[in-house]
Amino acid sequence: MAEQTCLFCKIVAGAIPAAKLFEDDRAVAFGDINPQAPTHALVIPRAHVASLNEASAEDEALLGHLLVVAARVAREAGHSEGGFRTVINTGADAGQSVFHVHVHVLGGRRLTWPPG
Ligand code: 5GP
Ligand code: ZN
């Protein structure tokens, strides 16, 4: 059901185009449509998990895999040395707007802390 309504499930299925940076059997990485830094990628699982609130112990390996893929995307964009940021927004207060869990990968400029 989520596959028919969820934006990122549609990207996984190829029904909506995206600038893919990496994909394997469990994850897909692509450029954010509204980049907030010179590098702004999203790393998502192929399987639909709405947010960290819906993640279970069964998802532990998958969530870890997303971070490894995030580091790979950052490395391939040349940010290993200078650094990069990974962000997972969860729920309304964090500003989550797409309810298919995703890791933002931001790099290529000096990022401020704390985030807004
Ligand atoms: P969130 O606000 O849920 O943490 O992040 C959702 C992200 O998805 C936003 O940064 C937004 O720019 C991005 N996004 C929304 N729609 C699309 C789309 O159709 N294609 C791509 N590549 N990114 C999208
Ligand atoms: Zn989905």
# chains A, B, ... in the order shown; residues from 1 in each chain; ligands from 1
>>> residues_near_ligand(ligand="ligand 1", cutoff="12 Å", atoms="only C-alpha atoms and all ligand atoms", output="PyMOL selection string")
chain A and resi 6-12+14-21+28-37+39-44+50-52+86-106
>>> select_by_dssp(residues="segment 5-109 of chain A", states="alpha helix (DSSP H)", output="list in words")
Thr5, Leu7, Phe8, Cys9, Lys10, Ile11, Val12, Ala13, Glu60, Ala61, Leu62, Leu63, Gly64, His65, Leu66, Leu67, Val68, Val69, Ala70, Ala71, Arg72, Val73, Ala74, Arg75 and Glu76 of chain A
>>> atom_distance(atom1="atom CA of Leu111 of chain A", atom2="atom CA of Ala77 of chain A")
16.1 Å
>>> closest_residue(among="A:Thr5, A:Phe22, A:Ala13, A:Pro115", to="Leu66 of chain A", atoms="only C-alpha atoms")
A:Phe22
>>> select_by_dssp(residues="chain A", states="strand (DSSP E)", output="ChimeraX atom specification")
/A:20-23,27-31,39-45,84-87,103-107
>>> closest_residue(among="A:Glu54, A:Glu3, A:Glu23, A:Glu60", to="ligand 2", atoms="only C-alpha atoms and all ligand atoms")
A:Glu3
>>> atom_distance(atom1="atom CA of Ser80 of chain A", atom2="atom CA of Asp59 of chain A")
26.3 Å
>>> residues_around(residues="Trp113 of chain A", least_positions_apart="3", cutoff="12 Å", atoms="only C-alpha atoms", output="mmCIF file with N, CA and C atoms, in the first residue's frame")
data_model
loop_
_atom_site.group_PDB
_atom_site.id
_atom_site.type_symbol
_atom_site.label_atom_id
_atom_site.label_comp_id
_atom_site.auth_asym_id
_atom_site.auth_seq_id
_atom_site.Cartn_x
_atom_site.Cartn_y
_atom_site.Cartn_z
ATOM 1 N N ARG A 85 27.676 15.995 7.355
ATOM 2 C CA ARG A 85 26.677 15.780 8.401
ATOM 3 C C ARG A 85 25.619 14.801 7.918
ATOM 4 N N ARG A 110 30.732 24.788 5.298
ATOM 5 C CA ARG A 110 30.798 24.767 6.758
ATOM 6 C C ARG A 110 29.375 24.778 7.311
ATOM 7 N N GLY A 116 18.774 24.534 13.135
ATOM 8 C CA GLY A 116 17.611 25.370 13.402
ATOM 9 C C GLY A 116 16.436 24.607 13.974
#
>>> atom_distance(atom1="atom CA of Phe84 of chain A", atom2="atom CA of Gly107 of chain A")
4.5 Å
>>> closest_residue(among="A:Ala55, A:His48, A:Val73, A:His79", to="ligand 2", atoms="only C-alpha atoms and all ligand atoms")
A:His48
>>> closest_residue(among="A:Val49, A:Val69, A:Ala57, A:Ala74", to="Asp25 of chain A", atoms="only C-alpha atoms")
A:Val69
>>> residues_around(residues="segment 61-65 of chain A", least_positions_apart="6", cutoff="9 Å", atoms="only C-alpha atoms", output="PDB file with all heavy atoms, in the first residue's frame")
ATOM      1  N   ARG A  26      19.496  -3.198  -0.689  1.00  0.00           N
ATOM      2  CA  ARG A  26      18.740  -2.720   0.477  1.00  0.00           C
ATOM      3  C   ARG A  26      18.507  -1.220   0.504  1.00  0.00           C
ATOM      4  O   ARG A  26      17.621  -0.739   1.215  1.00  0.00           O
ATOM      5  CB  ARG A  26      19.481  -3.109   1.762  1.00  0.00           C
ATOM      6  CG  ARG A  26      19.376  -4.577   2.110  1.00  0.00           C
ATOM      7  CD  ARG A  26      20.112  -4.886   3.398  1.00  0.00           C
ATOM      8  NE  ARG A  26      21.555  -4.828   3.222  1.00  0.00           N
ATOM      9  CZ  ARG A  26      22.433  -4.842   4.226  1.00  0.00           C
ATOM     10  NH1 ARG A  26      22.004  -4.895   5.466  1.00  0.00           N
ATOM     11  NH2 ARG A  26      23.722  -4.797   3.980  1.00  0.00           N
ATOM     12  N   ALA A  27      19.333  -0.457  -0.227  1.00  0.00           N
ATOM     13  CA  ALA A  27      19.291   0.999  -0.085  1.00  0.00           C
ATOM     14  C   ALA A  27      19.427   1.694  -1.431  1.00  0.00           C
ATOM     15  O   ALA A  27      19.966   1.135  -2.391  1.00  0.00           O
ATOM     16  CB  ALA A  27      20.408   1.463   0.840  1.00  0.00           C
ATOM     17  N   PRO A  45      15.992   3.264   2.676  1.00  0.00           N
ATOM     18  CA  PRO A  45      15.869   1.813   2.485  1.00  0.00           C
ATOM     19  C   PRO A  45      14.890   1.518   1.349  1.00  0.00           C
ATOM     20  O   PRO A  45      13.947   2.284   1.122  1.00  0.00           O
ATOM     21  CB  PRO A  45      15.298   1.334   3.833  1.00  0.00           C
ATOM     22  CG  PRO A  45      14.522   2.507   4.341  1.00  0.00           C
ATOM     23  CD  PRO A  45      15.219   3.745   3.831  1.00  0.00           C
ATOM     24  N   ALA A  55      10.500   2.098  13.420  1.00  0.00           N
ATOM     25  CA  ALA A  55      11.578   1.112  13.279  1.00  0.00           C
ATOM     26  C   ALA A  55      11.558   0.145  14.464  1.00  0.00           C
ATOM     27  O   ALA A  55      11.238   0.537  15.590  1.00  0.00           O
ATOM     28  CB  ALA A  55      12.924   1.822  13.197  1.00  0.00           C
TER      29      ALA A  55
END
>>> closest_residue(among="A:Arg75, A:Asp24, A:Thr112, A:Arg46", to="ligand 2", atoms="only C-alpha atoms and all ligand atoms")
A:Arg46
>>> closest_residue(among="A:Glu81, A:Ala70, A:Pro38, A:Ala47", to="ligand 2", atoms="only C-alpha atoms and all ligand atoms")
A:Ala47
